[in-house]
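K.L.:
Got a structure here, written out as structure tokens. Questions coming.
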Amino acid sequence: MKIAIVGYGTAGQASAILLAAQGHEVTVFEKSPSLGPVGAGFLLQPTGLAVLARMGLGDQALALGQRIDQLQGHTPRGRAVMDMRYADRRVGCFGLGMTRGALFELLRGAHADAAQVRTGVRIRAYDEHSHQLFDDAGGVHGPFDLVVAADGAHSTVRPQCTGNVRRESLYRWGAVWCLLRIDDWASPHTLLQRYAGTRAMIGMLPVGTRPGHEGRWVTFYWSLPGDRVDTFDDAGVASMKAAVHGIWPEISPHLAHLHRAEQLNRARYRDVVLKAPHHARLVVIGDAAHAMSPQLGQGVNMALLDAAALADSLAAHDSLDAALAAYRKQRHAHVRIYQRMSRWLTPLFQSGYTPLGWCRDAVFGPLGRAPGARGAMLSILTGETGHRPTIPLAEGAEPTVGITLEGQSTKGVSV
Ligand SMILES: Cc1cc2nc3c(=O)[nH]c(=O)nc-3n(C[C@H](O)[C@H](O)[C@H](O)COP(=O)(O)OP(=O)(O)OC[C@H]3O[C@@H](n4cnc5c(N)ncnc54)[C@H](O)[C@@H]3O)c2cc1C
């Protein structure tokens, strides 16, 4: 098929690799004038790691990133709110902190046609009758047999998924974040967080290497109300540093070099729910289809899982309609569960409702130690709640990619 991919973030990159490997003629459009990662670092869960493994990129990812074994969150007075160990989920289970740059370069290196990506082309519309794409500069592209909208949370192609957009709203809170070089960070295998009520949250996530830079890196993030994210300036940096010093003085020296707002990335979160992620010959994946608050740290995993499920569905079905229906079925439950949980949990960590913070501090610690609840919390953390690990292949269809995980050979479409 002639396939267009709009957006060269994680979802677009992974789709370009997997779909080109199936022999499709893939054209990628990216609005940025040059290719590059946006943002600081993130935590990849076992579900996302499995997709990289099936693409043959697992070992390289492990070498570039930082293995994370534990998530710990405390109040400034030292009360444990979160204490989860991946090993309690199962032996050999872990997450991987990565810089955006490391994942971007890893995927770009695996994409043979990366040099052909049409940069500086901002797609503004898809026409469901002519199956063409239109860009901001008046360019017309196509027709295409399939258009994959992977243009992120602020997607311009998503509205063309006519009648399917059920919810599209902006969260009231967001964050600023940046990478810090800390070669001798004392907790290299732990995501550490500090919560002061619901109005202040700090995270320190070890993320390993950064392309083009020496040393080991840690992602720092600081929660802010949305309007203050939008107006974040140099004075905002100074007040952030003062607040961080009051809550977590030990990390203050690592922030000493931050003086200008441009030294940090800003993030506003969107909550996007589609009734169905496809319409005509358009399929919407990644944040474009299901942007959510990053409270549960699942967006990159979801982008990778979407790309893998789409490729598998296309490989398993001769008809495009059947393939897109299979894709929707494959991803629906997983996406819905995390959308709901993100929506419910975010106010407990980022909101103006102080009593929610008191409840969180009182309940989460004991809950995390209770045998039944602990398993459920770990399943959520690892990205495995509601995830359907395999889809059946149509009779006679050949698996496209095989992977081996934790000593178990899985056939074809398992992730
Ligand atoms: C503060 C923060 C922390 C996070 N932490 C984590 C974490 O720990 N773990 C995790 O898994 N996820 C995390 N996420 C979520 C994760 O970053 C996203 O879910 C993920 O990047 C989505 O990938 P994507 O490819 O769908 O979209 P994006 O990465 O947004 O890529 C979209 C691409 O499309 C391009 N584009 C946009 N519009 C157009 C257009 N009209 N035409 C052409 N190109 C276009 C953009 O330039 C971009 O390159 C976090 C997010 C934030 C904000």
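Letters A, B, ... mark the chains of the structure tokens in the order given; residue numbers begin at 1 per chain; ligand numbers begin at 1, in order shown.
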Find the residues near Arg167 of chain A: any atom within 8 Å, counting only C-alpha atoms, skip ones fewer than 3 places away on the same chain, and give them as a list in words.

P.N.:
Asp271, Val272, Val273 and Leu274 of chain A

K.L.:
Ligand 1: which residues are within 6 Å, counting only C-alpha atoms and all ligand atoms, as a compact mmCIF listing (two decimals) with C-alpha atoms, in the first residue's frame?

P.N.:
# COMPACT_ATOMS: atom_id res chain seq x y z
CA VAL A 6 1.93 12.40 9.62
CA GLY A 7 4.41 13.15 12.42
CA TYR A 8 7.84 11.74 13.23
CA GLY A 9 7.57 11.32 17.00
CA THR A 10 7.78 7.88 18.61
CA ALA A 11 4.50 6.63 17.07
CA GLY A 12 5.45 7.88 13.60
CA PHE A 29 5.58 14.21 6.80
CA GLU A 30 7.05 16.14 9.74
CA LYS A 31 6.27 19.78 10.44
CA SER A 32 9.63 20.56 12.08
CA PHE A 42 10.77 9.38 30.07
CA LEU A 43 10.25 5.99 31.65
CA LEU A 44 9.70 3.09 29.29
CA VAL A 121 5.67 20.04 5.89
CA ARG A 122 2.80 20.83 8.26
CA ILE A 123 -0.21 18.81 7.28
CA ARG A 124 -3.46 20.64 7.96
CA ALA A 150 0.80 10.31 14.45
CA ASP A 151 0.95 14.06 14.93
CA GLY A 152 0.79 14.13 18.71
CA ALA A 153 -1.52 15.52 21.39
CA SER A 155 -3.04 16.84 16.25
CA THR A 156 -4.45 18.77 13.32
CA ALA A 175 4.88 20.65 34.16
CA ALA A 267 4.28 20.62 28.92
CA GLY A 286 -0.17 7.66 19.68
CA ASP A 287 -0.98 10.87 21.55
CA ALA A 288 -3.07 12.06 18.61
CA PRO A 294 1.69 11.60 31.96
CA GLY A 297 4.07 7.41 32.41
CA GLN A 298 2.55 5.37 29.56
CA GLY A 299 2.52 7.63 26.48
CA VAL A 300 5.68 6.40 24.78
CA ASN A 301 4.75 2.79 25.55
CA ALA A 303 2.84 4.95 20.96

K.L.:
Give me, please, the distance in Å between atom CA of Gly95 of chain A and atom CA of Thr47 of chain A, quoted to one decimal.

P.N.:
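Separation between atom CA of Gly95 of chain A and atom CA of Thr47 of chain A: 9.3 Å.
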
K.L.:
Between atom CA of Gly39 of chain A and atom CA of Met341 of chain A, what distance in Å does the model show, to one decimal?

P.N.:
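Answer for the atom CA of Gly39 of chain A to atom CA of Met341 of chain A separation: 23.7 Å.
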
K.L.:
List every residue of segment 195-311 of chain A that DSSP, applied to the backbone, labels as strand (DSSP E or B), and write the result as a ChimeraX atom specification.

P.N.:
/A:195-196,200-208,217-225,265-274,278-279,282-284

K.L.:
To test your reading of the structure, identify every residue in segment 151-333 of chain A that backbone DSSP assigns to helix (DSSP H, G or I), and report it as number ranges by chain.

P.N.:
A: 158-160, 226-230, 234-247, 249-255, 261-263, 287-290, 294-296, 299-316, 320-333

K.L.:
Could you give me, as a short mmCIF file (atom, residue, chain, number, x, y, z; two decimals) with C-alpha atoms, in the first residue's frame, the residues within 10 Å of Pro159 of chain A, counting only C-alpha atoms and dropping anything in the same chain fewer than 6 positions from it?

P.N.:
data_model
loop_
_atom_site.label_atom_id
_atom_site.label_comp_id
_atom_site.auth_asym_id
_atom_site.auth_seq_id
_atom_site.Cartn_x
_atom_site.Cartn_y
_atom_site.Cartn_z
CA ALA A 125 -6.15 18.37 6.52
CA TYR A 126 -7.06 14.95 5.14
CA VAL A 165 -13.69 12.70 18.72
CA ALA A 288 -3.07 12.06 18.61
#

K.L.:
Return the single residue from A:Gly163, A:Gly208, A:Gly73, A:Pro366 that is closest to Asp183 of chain A, with distances computed using only C-alpha atoms.

P.N.:
A:Gly208

K.L.:
For a quick check of understanding, using only C-alpha atoms, which of A:Trp177, A:Leu146, A:Met302, A:Phe349 has the smallest distance to Thr382 of chain A?

P.N.:
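Selected residue with least distance to Thr382 of chain A: A:Met302.
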
K.L.:
Do you know which residues are at most 12 Å from Leu367 of chain A counting only C-alpha atoms, after dropping those on the same chain fewer than 4 positions away, and could you put them as a ChimeraX atom specification?

P.N.:
/A:80-84,359-363,371-378
